[in-house]
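Structure file data.cif (mmCIF, C-alpha atoms) is printed below.
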```
data_start
#
loop_
_atom_site.group_PDB
_atom_site.id
_atom_site.type_symbol
_atom_site.label_atom_id
_atom_site.label_comp_id
_atom_site.auth_asym_id
_atom_site.auth_seq_id
_atom_site.Cartn_x
_atom_site.Cartn_y
_atom_site.Cartn_z
ATOM 1 C CA MET A 1 -77.786 -12.454 83.532
ATOM 2 C CA GLU A 2 -78.697 -16.146 83.602
ATOM 3 C CA ARG A 3 -75.956 -18.479 84.774
ATOM 4 C CA LEU A 4 -75.019 -21.202 82.328
ATOM 5 C CA ASN A 5 -73.547 -24.402 83.771
ATOM 6 C CA ILE A 6 -71.449 -26.535 81.454
ATOM 7 C CA ASN A 7 -70.492 -30.044 82.500
ATOM 8 C CA THR A 8 -67.018 -30.614 81.107
ATOM 9 C CA GLY A 9 -66.848 -34.181 82.410
ATOM 10 C CA LEU A 10 -63.650 -33.165 84.171
ATOM 11 C CA ASP A 11 -62.999 -32.399 87.826
ATOM 12 C CA ARG A 12 -61.226 -29.124 87.099
ATOM 13 C CA PHE A 13 -61.550 -25.891 85.159
ATOM 14 C CA LEU A 14 -57.904 -25.688 84.108
ATOM 15 C CA LEU A 15 -57.622 -27.730 80.930
ATOM 16 C CA ILE A 16 -53.938 -27.247 80.114
ATOM 17 C CA ASP A 17 -51.764 -30.030 81.524
ATOM 18 C CA ARG A 18 -48.371 -28.460 80.957
ATOM 19 C CA ILE A 19 -46.566 -25.490 79.464
ATOM 20 C CA THR A 20 -43.516 -26.717 77.603
ATOM 21 C CA GLU A 21 -42.070 -23.527 76.084
ATOM 22 C CA VAL A 22 -42.607 -19.826 76.600
ATOM 23 C CA ASP A 23 -40.935 -16.634 75.412
ATOM 24 C CA GLU A 24 -42.096 -13.135 74.491
ATOM 25 C CA ALA A 25 -43.408 -14.230 71.093
ATOM 26 C CA MET A 26 -44.991 -17.621 71.751
ATOM 27 C CA ILE A 27 -46.175 -20.237 74.189
ATOM 28 C CA GLN A 28 -46.478 -24.005 73.822
ATOM 29 C CA GLY A 29 -48.320 -26.476 75.967
ATOM 30 C CA ALA A 30 -50.208 -29.732 75.990
ATOM 31 C CA CYS A 31 -53.508 -31.092 77.133
ATOM 32 C CA ILE A 32 -55.243 -34.436 77.216
ATOM 33 C CA LEU A 33 -58.948 -34.326 76.562
ATOM 34 C CA PRO A 34 -60.975 -37.370 77.449
ATOM 35 C CA ALA A 35 -64.219 -36.461 75.753
ATOM 36 C CA GLN A 36 -65.141 -35.968 72.126
ATOM 37 C CA GLU A 37 -65.967 -32.343 72.752
ATOM 38 C CA ALA A 38 -64.576 -29.694 70.416
ATOM 39 C CA HIS A 39 -65.538 -26.879 72.778
ATOM 40 C CA LEU A 40 -63.118 -28.210 75.410
ATOM 41 C CA LEU A 41 -60.300 -27.982 72.918
ATOM 42 C CA MET A 42 -61.330 -24.436 72.083
ATOM 43 C CA GLU A 43 -61.316 -23.622 75.815
ATOM 44 C CA SER A 44 -57.852 -25.204 76.189
ATOM 45 C CA MET A 45 -56.539 -23.031 73.359
ATOM 46 C CA ALA A 46 -58.112 -19.962 74.951
ATOM 47 C CA GLN A 47 -56.526 -20.790 78.313
ATOM 48 C CA LEU A 48 -53.088 -21.138 76.710
ATOM 49 C CA GLY A 49 -53.272 -17.671 75.131
ATOM 50 C CA ALA A 50 -54.597 -16.132 78.344
ATOM 51 C CA MET A 51 -51.705 -17.646 80.252
ATOM 52 C CA HIS A 52 -49.272 -15.948 77.864
ATOM 53 C CA VAL A 53 -51.031 -12.579 78.282
ATOM 54 C CA ARG A 54 -50.586 -12.887 82.045
ATOM 55 C CA TRP A 55 -46.972 -14.031 81.736
ATOM 56 C CA CYS A 56 -46.156 -11.128 79.348
ATOM 57 C CA SER A 57 -47.468 -8.621 81.884
ATOM 58 C CA GLY A 58 -45.631 -10.175 84.817
ATOM 59 C CA PHE A 59 -49.000 -11.428 86.101
ATOM 60 C CA ASN A 60 -49.965 -7.812 86.736
ATOM 61 C CA ARG A 61 -53.019 -7.974 84.469
ATOM 62 C CA HIS A 62 -56.107 -10.101 84.256
ATOM 63 C CA ALA A 63 -56.769 -11.651 80.841
ATOM 64 C CA PHE A 64 -60.170 -11.742 79.177
ATOM 65 C CA LEU A 65 -60.945 -13.568 75.970
ATOM 66 C CA SER A 66 -62.615 -10.978 73.753
ATOM 67 C CA GLY A 67 -63.174 -12.890 70.559
ATOM 68 C CA ILE A 68 -62.242 -15.775 68.279
ATOM 69 C CA ARG A 69 -61.934 -15.483 64.516
ATOM 70 C CA ASN A 70 -61.147 -17.913 61.742
ATOM 71 C CA PHE A 71 -61.714 -21.020 63.841
ATOM 72 C CA HIS A 72 -61.076 -24.104 61.728
ATOM 73 C CA THR A 73 -61.019 -27.788 62.528
ATOM 74 C CA ALA A 74 -59.732 -30.727 60.515
ATOM 75 C CA GLY A 75 -59.847 -34.428 61.276
ATOM 76 C CA ALA A 76 -62.176 -36.315 63.570
ATOM 77 C CA PHE A 77 -62.013 -36.873 67.308
ATOM 78 C CA ILE A 78 -61.144 -40.474 68.098
ATOM 79 C CA GLY A 79 -61.642 -40.321 71.856
ATOM 80 C CA THR A 80 -59.025 -39.497 74.475
ATOM 81 C CA GLU A 81 -56.236 -37.610 72.774
ATOM 82 C CA LYS A 82 -53.171 -35.615 73.673
ATOM 83 C CA PHE A 83 -52.940 -32.262 71.935
ATOM 84 C CA GLN A 84 -49.914 -30.098 71.360
ATOM 85 C CA LEU A 85 -50.974 -26.459 71.780
ATOM 86 C CA THR A 86 -49.106 -23.506 70.286
ATOM 87 C CA GLY A 87 -49.931 -19.815 70.627
ATOM 88 C CA VAL A 88 -48.038 -17.235 68.567
ATOM 89 C CA LEU A 89 -48.427 -13.589 69.522
ATOM 90 C CA ASN A 90 -49.196 -11.907 66.203
ATOM 91 C CA SER A 91 -49.775 -8.356 67.354
ATOM 92 C CA ARG A 92 -50.544 -6.348 70.454
ATOM 93 C CA SER A 93 -51.371 -2.942 71.813
ATOM 94 C CA SER A 94 -51.130 -1.608 75.354
ATOM 95 C CA THR A 95 -54.372 -3.472 76.142
ATOM 96 C CA GLY A 96 -55.017 -5.970 73.325
ATOM 97 C CA PHE A 97 -53.227 -9.214 72.464
ATOM 98 C CA SER A 98 -53.869 -11.187 69.274
ATOM 99 C CA TYR A 99 -52.712 -14.804 68.915
ATOM 100 C CA ALA A 100 -52.750 -17.478 66.265
ATOM 101 C CA VAL A 101 -53.405 -20.607 68.307
ATOM 102 C CA THR A 102 -53.182 -24.158 66.990
ATOM 103 C CA ALA A 103 -53.849 -27.582 68.470
ATOM 104 C CA ASP A 104 -52.753 -30.794 66.854
ATOM 105 C CA SER A 105 -52.739 -34.448 67.793
ATOM 106 C CA LYS A 106 -50.893 -37.516 66.526
ATOM 107 C CA SER A 107 -54.122 -38.813 65.013
ATOM 108 C CA GLY A 108 -54.117 -35.901 62.591
ATOM 109 C CA ARG A 109 -56.646 -33.723 64.330
ATOM 110 C CA PHE A 110 -55.738 -30.086 63.645
ATOM 111 C CA VAL A 111 -57.522 -27.025 64.990
ATOM 112 C CA SER A 112 -56.579 -23.367 64.517
ATOM 113 C CA GLY A 113 -57.986 -19.969 65.323
ATOM 114 C CA ASP A 114 -57.205 -16.315 65.996
ATOM 115 C CA PHE A 115 -57.782 -15.458 69.649
ATOM 116 C CA LEU A 116 -58.111 -11.864 70.866
ATOM 117 C CA TYR A 117 -57.625 -10.932 74.526
ATOM 118 C CA ALA A 118 -57.852 -7.844 76.668
ATOM 119 C CA GLY A 119 -55.214 -7.548 79.382
ATOM 120 C CA ILE A 120 -56.837 -5.416 82.071
ATOM 121 C CA PRO A 121 -55.385 -4.120 85.346
ATOM 122 C CA TYR A 122 -56.848 -5.718 88.458
ATOM 123 C CA ASP A 123 -59.675 -3.912 90.203
ATOM 124 C CA ASP A 124 -62.157 -4.393 93.044
ATOM 125 C CA ARG A 125 -63.891 -7.223 91.208
ATOM 126 C CA PHE A 126 -60.807 -9.007 89.944
ATOM 127 C CA ARG A 127 -58.551 -8.616 92.922
ATOM 128 C CA ARG A 128 -54.777 -8.483 92.647
ATOM 129 C CA SER A 129 -54.381 -9.854 96.174
ATOM 130 C CA PHE A 130 -55.781 -13.210 95.059
ATOM 131 C CA LEU A 131 -55.365 -13.463 91.286
ATOM 132 C CA LYS A 132 -51.720 -12.454 90.845
ATOM 133 C CA SER A 133 -50.327 -15.098 93.180
ATOM 134 C CA HIS A 134 -52.916 -17.637 92.021
ATOM 135 C CA TYR A 135 -51.909 -17.448 88.364
ATOM 136 C CA GLU A 136 -48.196 -17.238 89.180
ATOM 137 C CA LYS A 137 -48.594 -20.487 91.081
ATOM 138 C CA VAL A 138 -50.632 -22.151 88.316
ATOM 139 C CA PHE A 139 -48.096 -21.112 85.690
ATOM 140 C CA SER A 140 -45.201 -22.311 87.803
ATOM 141 C CA CYS A 141 -46.856 -25.695 88.386
ATOM 142 C CA LEU A 142 -47.554 -26.159 84.674
ATOM 143 C CA ARG A 143 -43.907 -25.394 83.878
ATOM 144 C CA ILE A 144 -42.624 -27.781 86.575
ATOM 145 C CA VAL A 145 -44.863 -30.540 85.260
ATOM 146 C CA SER A 146 -43.398 -30.034 81.784
ATOM 147 C CA LYS A 147 -39.883 -30.708 83.068
ATOM 148 C CA GLN A 148 -40.829 -34.056 84.534
ATOM 149 C CA PRO A 149 -40.286 -37.144 82.365
ATOM 150 C CA MET B 1 -42.537 19.156 48.658
ATOM 151 C CA GLU B 2 -42.259 17.719 52.151
ATOM 152 C CA GLU B 3 -45.889 18.619 52.760
ATOM 153 C CA VAL B 4 -46.945 16.740 49.622
ATOM 154 C CA GLY B 5 -45.036 13.705 50.837
ATOM 155 C CA MET B 6 -46.746 13.885 54.229
ATOM 156 C CA MET B 7 -50.172 14.162 52.607
ATOM 157 C CA GLN B 8 -49.436 11.160 50.416
ATOM 158 C CA ASN B 9 -48.270 9.184 53.437
ATOM 159 C CA ASN B 10 -51.418 10.134 55.341
ATOM 160 C CA MET B 11 -53.580 9.014 52.434
ATOM 161 C CA GLU B 12 -51.791 5.660 52.349
ATOM 162 C CA ILE B 13 -52.349 5.290 56.089
ATOM 163 C CA LEU B 14 -55.998 6.245 55.630
ATOM 164 C CA GLU B 15 -56.536 3.595 52.962
ATOM 165 C CA LYS B 16 -55.113 0.876 55.198
ATOM 166 C CA ILE B 17 -57.176 2.056 58.176
ATOM 167 C CA LYS B 18 -60.326 2.102 56.048
ATOM 168 C CA GLN B 19 -59.725 -1.534 55.077
ATOM 169 C CA ILE B 20 -59.140 -2.558 58.684
ATOM 170 C CA VAL B 21 -62.147 -0.686 60.085
ATOM 171 C CA ALA B 22 -64.415 -1.928 57.288
ATOM 172 C CA ASP B 23 -63.348 -5.500 57.991
ATOM 173 C CA ILE B 24 -63.860 -5.252 61.748
ATOM 174 C CA LEU B 25 -67.210 -3.465 61.571
ATOM 175 C CA ASP B 26 -68.375 -5.305 58.445
ATOM 176 C CA LEU B 27 -68.946 -2.072 56.535
ATOM 177 C CA GLU B 28 -68.365 -0.768 53.028
ATOM 178 C CA GLU B 29 -65.057 1.119 52.818
ATOM 179 C CA GLU B 30 -66.866 3.919 50.970
ATOM 180 C CA LYS B 31 -68.667 4.814 54.197
ATOM 181 C CA ILE B 32 -65.388 5.666 55.881
ATOM 182 C CA GLY B 33 -63.440 8.894 55.442
ATOM 183 C CA MET B 34 -61.078 11.183 57.328
ATOM 184 C CA ASP B 35 -63.965 13.014 59.034
ATOM 185 C CA THR B 36 -65.943 9.909 59.978
ATOM 186 C CA TYR B 37 -66.581 9.551 63.688
ATOM 187 C CA LEU B 38 -65.584 6.042 64.728
ATOM 188 C CA ILE B 39 -68.063 5.668 67.572
ATOM 189 C CA ARG B 40 -70.677 8.305 66.757
ATOM 190 C CA ASP B 41 -71.080 7.444 63.060
ATOM 191 C CA LEU B 42 -69.917 3.844 62.779
ATOM 192 C CA GLY B 43 -71.080 2.559 66.159
ATOM 193 C CA ALA B 44 -67.731 1.051 67.123
ATOM 194 C CA GLU B 45 -67.771 -0.552 70.583
ATOM 195 C CA SER B 46 -64.955 -1.186 73.036
ATOM 196 C CA ILE B 47 -64.387 -4.724 71.740
ATOM 197 C CA ASP B 48 -64.090 -3.324 68.194
ATOM 198 C CA LEU B 49 -61.503 -0.811 69.391
ATOM 199 C CA LEU B 50 -59.516 -3.615 71.007
ATOM 200 C CA GLU B 51 -59.436 -5.489 67.705
ATOM 201 C CA LEU B 52 -58.640 -2.286 65.865
ATOM 202 C CA ALA B 53 -55.674 -1.565 68.152
ATOM 203 C CA VAL B 54 -54.003 -4.943 67.550
ATOM 204 C CA SER B 55 -54.790 -4.757 63.813
ATOM 205 C CA LEU B 56 -53.132 -1.329 63.575
ATOM 206 C CA ASN B 57 -50.086 -2.727 65.344
ATOM 207 C CA ALA B 58 -49.928 -5.580 62.844
ATOM 208 C CA ALA B 59 -50.454 -3.330 59.821
ATOM 209 C CA PHE B 60 -48.067 -0.504 60.716
ATOM 210 C CA GLN B 61 -45.608 -2.183 63.129
ATOM 211 C CA THR B 62 -46.138 0.777 65.429
ATOM 212 C CA GLU B 63 -46.621 0.728 69.186
ATOM 213 C CA ILE B 64 -50.283 1.360 69.889
ATOM 214 C CA ARG B 65 -51.248 2.878 73.217
ATOM 215 C CA ASP B 66 -55.009 2.414 73.405
ATOM 216 C CA ASP B 67 -55.629 5.307 75.785
ATOM 217 C CA ASP B 68 -53.819 7.732 73.476
ATOM 218 C CA ILE B 69 -54.943 6.675 70.005
ATOM 219 C CA PHE B 70 -58.605 6.408 71.049
ATOM 220 C CA LEU B 71 -58.497 9.619 73.138
ATOM 221 C CA ARG B 72 -59.873 7.588 76.044
ATOM 222 C CA LYS B 73 -58.751 9.975 78.764
ATOM 223 C CA LEU B 74 -59.844 13.133 76.953
ATOM 224 C CA ARG B 75 -62.544 14.125 79.438
ATOM 225 C CA PHE B 76 -60.358 13.103 82.374
ATOM 226 C CA TYR B 77 -57.629 15.426 81.049
ATOM 227 C CA LEU B 78 -60.126 18.247 80.616
ATOM 228 C CA GLU B 79 -61.280 17.797 84.208
ATOM 229 C CA GLU B 80 -57.670 17.739 85.368
ATOM 230 C CA ALA B 81 -56.928 20.935 83.442
ATOM 231 C CA LYS B 82 -59.990 22.542 84.975
ATOM 232 C CA THR B 83 -59.175 21.573 88.562
ATOM 233 C CA THR B 84 -55.535 22.632 88.245
ATOM 234 C CA GLY B 85 -56.387 25.889 86.453
ATOM 235 C CA ARG B 86 -54.498 25.077 83.281
ATOM 236 C CA ASP B 87 -55.404 26.060 79.731
ATOM 237 C CA HIS B 88 -57.491 23.267 78.185
ATOM 238 C CA HIS B 89 -56.044 23.621 74.707
ATOM 239 C CA ALA B 90 -52.417 23.628 75.850
ATOM 240 C CA PHE B 91 -53.033 20.724 78.210
ATOM 241 C CA LEU B 92 -54.577 18.567 75.476
ATOM 242 C CA ALA B 93 -51.810 19.516 73.035
ATOM 243 C CA LYS B 94 -49.286 18.205 75.563
ATOM 244 C CA GLN B 95 -51.187 14.947 76.114
ATOM 245 C CA TYR B 96 -51.878 14.379 72.410
ATOM 246 C CA PRO B 97 -48.796 15.640 70.515
ATOM 247 C CA PHE B 98 -49.998 13.864 67.347
ATOM 248 C CA LEU B 99 -53.039 16.162 67.035
ATOM 249 C CA GLU B 100 -52.753 19.523 65.287
ATOM 250 C CA ASP B 101 -53.926 22.716 67.006
ATOM 251 C CA SER B 102 -56.869 23.035 64.624
ATOM 252 C CA ARG B 103 -58.053 19.521 65.514
ATOM 253 C CA ILE B 104 -57.815 20.237 69.236
ATOM 254 C CA ARG B 105 -59.937 23.369 68.701
ATOM 255 C CA GLU B 106 -62.501 21.247 66.853
ATOM 256 C CA ILE B 107 -62.579 18.732 69.667
ATOM 257 C CA LEU B 108 -63.099 21.402 72.301
ATOM 258 C CA ASN B 109 -66.031 22.798 70.304
ATOM 259 C CA ASP B 110 -67.510 19.333 69.738
ATOM 260 C CA LEU B 111 -67.635 17.900 73.261
ATOM 261 C CA ASN B 112 -71.421 18.070 73.581
ATOM 262 C CA GLY B 113 -71.875 15.955 70.460
ATOM 263 C CA GLY B 114 -70.632 12.750 72.088
ATOM 264 C CA ALA B 115 -67.519 10.684 71.422
ATOM 265 C CA VAL B 116 -65.181 12.908 69.366
ATOM 266 C CA LEU B 117 -62.824 10.253 67.964
ATOM 267 C CA ARG B 118 -62.442 10.474 64.183
ATOM 268 C CA ILE B 119 -60.642 8.327 61.648
ATOM 269 C CA SER B 120 -58.305 11.286 61.039
ATOM 270 C CA ASP B 121 -57.137 11.026 64.669
ATOM 271 C CA LEU B 122 -56.004 7.458 64.050
ATOM 272 C CA VAL B 123 -54.193 8.550 60.878
ATOM 273 C CA CYS B 124 -52.406 11.343 62.751
ATOM 274 C CA TYR B 125 -51.384 8.978 65.561
ATOM 275 C CA ILE B 126 -49.869 6.464 63.130
ATOM 276 C CA ALA B 127 -48.148 9.153 61.051
ATOM 277 C CA HIS B 128 -46.708 10.779 64.183
ATOM 278 C CA HIS B 129 -45.318 7.476 65.483
ATOM 279 C CA GLN B 130 -43.835 6.547 62.121
ATOM 280 C CA GLN B 131 -41.634 9.640 62.123
#
```
Starting from the file, lay out its structure as structure tokens.
Amino acid sequence: MERLNINTGLDRFLLIDRITEVDEAMIQGACILPAQEAHLLMESMAQLGAMHVRWCSGFNRHAFLSGIRNFHTAGAFIGTEKFQLTGVLNSRSSTGFSYAVTADSKSGRFVSGDFLYAGIPYDDRFRRSFLKSHYEKVFSCLRIVSKQP
Amino acid sequence: MEEVGMMQNNMEILEKIKQIVADILDLEEEKIGMDTYLIRDLGAESIDLLELAVSLNAAFQTEIRDDDIFLRKLRFYLEEAKTTGRDHHAFLAKQYPFLEDSRIREILNDLNGGAVLRISDLVCYIAHHQQ
């Protein structure tokens, strides 16, 4: 498989800046995107849902984005913007998780989509010894950031 | 009378499942019936089954265990029954309490044909968990 490199213009892969609320049914967060790139917003929304899948399973599963449906955008990018992200868990099975995820900004930009994930147990390729503690730490940092003024 | 009620309930479940499967696989509902094989006839892939599982949860408000409803561990169970010297039919009946004896017999006679999962198996799973 050919490797595809995407330059995000950022110095990190994690696009969510904070997680402000989380419970069994939903997760909320925020991100600031400096570029006029819709795909970064889509990635931010995907990362938010994946974080909830991991949190729901006590970080005992790895989350894979399996598909996006009904992706809609409204409003135009005006440059660097802060987005409020919300993911609502609509339905789930023992392996699958389906979310309605939205992103909106003060400028009136509104994006929504249905994101489907698989929550898979760790294996030799996706190792528990590294990933569980890694994502626990990332989640914890994003929550701590959200409590700062 | 109770049997008539169960049949009616199963038909209602079937109609909903047909709509969901047709939407996911982009098919005509008319191509889907109780005896349709989900993978063998309709070409459903693992990602389709994932979407199907969450859609069934949303439609029926029933807990969906992917391994059970999609008979994922069927051949593993058969191997386990073989290595432990247990009766295949009885072992499967214990693992899949939502399947009737006649369906388990069909499955055991159909193993060489490929993936055995039928729409009727999904209907039986939902009906069993609604009780």
Inset, instruction - Determine the nearest neighbour of Gln131 of chain B from the options B:Leu78, B:Arg118, B:Tyr37, B:Met6, counting all atoms listed in the file. - result: B:Met6
Going by the chain IDs and residue numbers used in this file, which residues fall under the PyMOL selection byres ((chain A and resi 81-96) around 7)? Write them as a tab-separated table (two decimals) with C-alpha atoms, keeping the file's coordinate frame.
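Written out: part-v7.tsv:
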```tsv
chain	number	residue	atom	x	y	z
A	25	ALA	CA	-43.41	-14.23	71.09
A	26	MET	CA	-44.99	-17.62	71.75
A	27	ILE	CA	-46.18	-20.24	74.19
A	28	GLN	CA	-46.48	-24.00	73.82
A	29	GLY	CA	-48.32	-26.48	75.97
A	30	ALA	CA	-50.21	-29.73	75.99
A	31	CYS	CA	-53.51	-31.09	77.13
A	32	ILE	CA	-55.24	-34.44	77.22
A	33	LEU	CA	-58.95	-34.33	76.56
A	34	PRO	CA	-60.98	-37.37	77.45
A	45	MET	CA	-56.54	-23.03	73.36
A	48	LEU	CA	-53.09	-21.14	76.71
A	49	GLY	CA	-53.27	-17.67	75.13
A	79	GLY	CA	-61.64	-40.32	71.86
A	80	THR	CA	-59.02	-39.50	74.47
A	97	PHE	CA	-53.23	-9.21	72.46
A	98	SER	CA	-53.87	-11.19	69.27
A	99	TYR	CA	-52.71	-14.80	68.92
A	100	ALA	CA	-52.75	-17.48	66.26
A	101	VAL	CA	-53.40	-20.61	68.31
A	102	THR	CA	-53.18	-24.16	66.99
A	103	ALA	CA	-53.85	-27.58	68.47
A	104	ASP	CA	-52.75	-30.79	66.85
A	105	SER	CA	-52.74	-34.45	67.79
A	117	TYR	CA	-57.62	-10.93	74.53
A	118	ALA	CA	-57.85	-7.84	76.67
A	119	GLY	CA	-55.21	-7.55	79.38
A	120	ILE	CA	-56.84	-5.42	82.07
B	50	LEU	CA	-59.52	-3.62	71.01
B	53	ALA	CA	-55.67	-1.56	68.15
B	54	VAL	CA	-54.00	-4.94	67.55
B	57	ASN	CA	-50.09	-2.73	65.34
B	58	ALA	CA	-49.93	-5.58	62.84
B	63	GLU	CA	-46.62	0.73	69.19
B	64	ILE	CA	-50.28	1.36	69.89
B	65	ARG	CA	-51.25	2.88	73.22
B	66	ASP	CA	-55.01	2.41	73.40
```
Let me have the centre and edge lengths of the axis-aligned box enclosing all listed atoms of segment 81-89 of chain B with 5 Å padding on every side, in Å to one decimal, as AutoDock Vina command-line options.
```
--center_x -57.2 --center_y 23.5 --center_z 81.6 --size_x 15.5 --size_y 15.1 --size_z 23.9
```
Legend entry - Test item: the PyMOL selection byres ((chain B and resi 16-20) around 8) resolved as a list in words: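 When the PyMOL selection byres ((chain B and resi 16-20) around 8) is applied to the shown file, the picked residues are Glu12, Ile13, Leu14, Glu15, Val21, Ala22, Asp23, Ile24, Glu29, Ile32, Gly33, Leu52, Ser55, Leu56, Ala59, Ile119 and Val123 of chain B.
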Could you write out that same residue set with C-alpha atoms as an mmCIF file, in the frame of the given file?
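Contents of selection.cif, as written:
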```cif
data_model
loop_
_atom_site.group_PDB
_atom_site.id
_atom_site.type_symbol
_atom_site.label_atom_id
_atom_site.label_comp_id
_atom_site.auth_asym_id
_atom_site.auth_seq_id
_atom_site.Cartn_x
_atom_site.Cartn_y
_atom_site.Cartn_z
ATOM 1 C CA GLU B 12 -51.791 5.660 52.349
ATOM 2 C CA ILE B 13 -52.349 5.290 56.089
ATOM 3 C CA LEU B 14 -55.998 6.245 55.630
ATOM 4 C CA GLU B 15 -56.536 3.595 52.962
ATOM 5 C CA VAL B 21 -62.147 -0.686 60.085
ATOM 6 C CA ALA B 22 -64.415 -1.928 57.288
ATOM 7 C CA ASP B 23 -63.348 -5.500 57.991
ATOM 8 C CA ILE B 24 -63.860 -5.252 61.748
ATOM 9 C CA GLU B 29 -65.057 1.119 52.818
ATOM 10 C CA ILE B 32 -65.388 5.666 55.881
ATOM 11 C CA GLY B 33 -63.440 8.894 55.442
ATOM 12 C CA LEU B 52 -58.640 -2.286 65.865
ATOM 13 C CA SER B 55 -54.790 -4.757 63.813
ATOM 14 C CA LEU B 56 -53.132 -1.329 63.575
ATOM 15 C CA ALA B 59 -50.454 -3.330 59.821
ATOM 16 C CA ILE B 119 -60.642 8.327 61.648
ATOM 17 C CA VAL B 123 -54.193 8.550 60.878
#
```
Inset, instruction - Expand the PyMOL selection byres ((chain A and resi 70) around 8) into the individual residues it matches in the shown file, reporting them as a list in words. - result: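 This file gives the following for the PyMOL selection byres ((chain A and resi 70) around 8): Ile68, Arg69, Phe71, His72, Ser112, Gly113 and Asp114 of chain A.
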Inset, instruction - Rounded to one decimal place, report the atom CA of Tyr135 of chain A-atom CA of Phe59 of chain A distance in Å. - result: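 Here the two named atoms are 7.1 Å from each other.
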Inset, instruction - Take the point (-55.8, 11.6, 63.2) as written in the file and pick out every residue within 12 Å of it, counting all atoms listed in the file; give the list as a PyMOL selection string. - result: chain B and resi 10-11+13-14+17+33-38+68-71+96-104+107+116-129
Legend entry - Residue nearest chain B - candidates A:Leu65, A:Leu40, A:Asp23, A:Met51, atoms counted: only C-alpha atoms: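 Checking each of A:Leu65, A:Leu40, A:Asp23, A:Met51 against chain B, counting only C-alpha atoms, the winner is A:Leu65.
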Inset, instruction - Determine the nearest neighbour of chain A from the options B:Leu27, B:Met7, B:Leu111, B:Ile47, counting all atoms listed in the file. - result: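 So, comparing all the options, the nearest one is B:Ile47.
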Inset, instruction - Record the distance separating atom CA of Glu30 of chain B and atom CA of Leu108 of chain B, expressed in Å with one decimal. - result: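 Here the two named atoms are 27.8 Å from each other.
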Inset, instruction - Go ahead and compute the interatomic distance for atom CA of Ile16 of chain A and atom CA of Leu41 of chain A, in Å to one decimal. - result: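 Those two atoms sit 9.6 Å apart.
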Inset, instruction - Determine the nearest neighbour of chain B from the options A:Ser57, A:Glu21, A:Glu43, A:Phe64, counting only C-alpha atoms. - result: A:Phe64
Inset, instruction - Tell me which of A:Val111, A:Ile19, A:Ala38, A:Leu116 sits closest to Ser66 of chain A, counting all atoms listed in the file. - result: A:Leu116
Legend entry - Of the listed residues B:Val4, B:Phe60, B:Ala93, B:Gly43, that which approaches chain A most closely, counting all atoms listed in the file: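 For chain A, the nearest of the candidates is B:Phe60.
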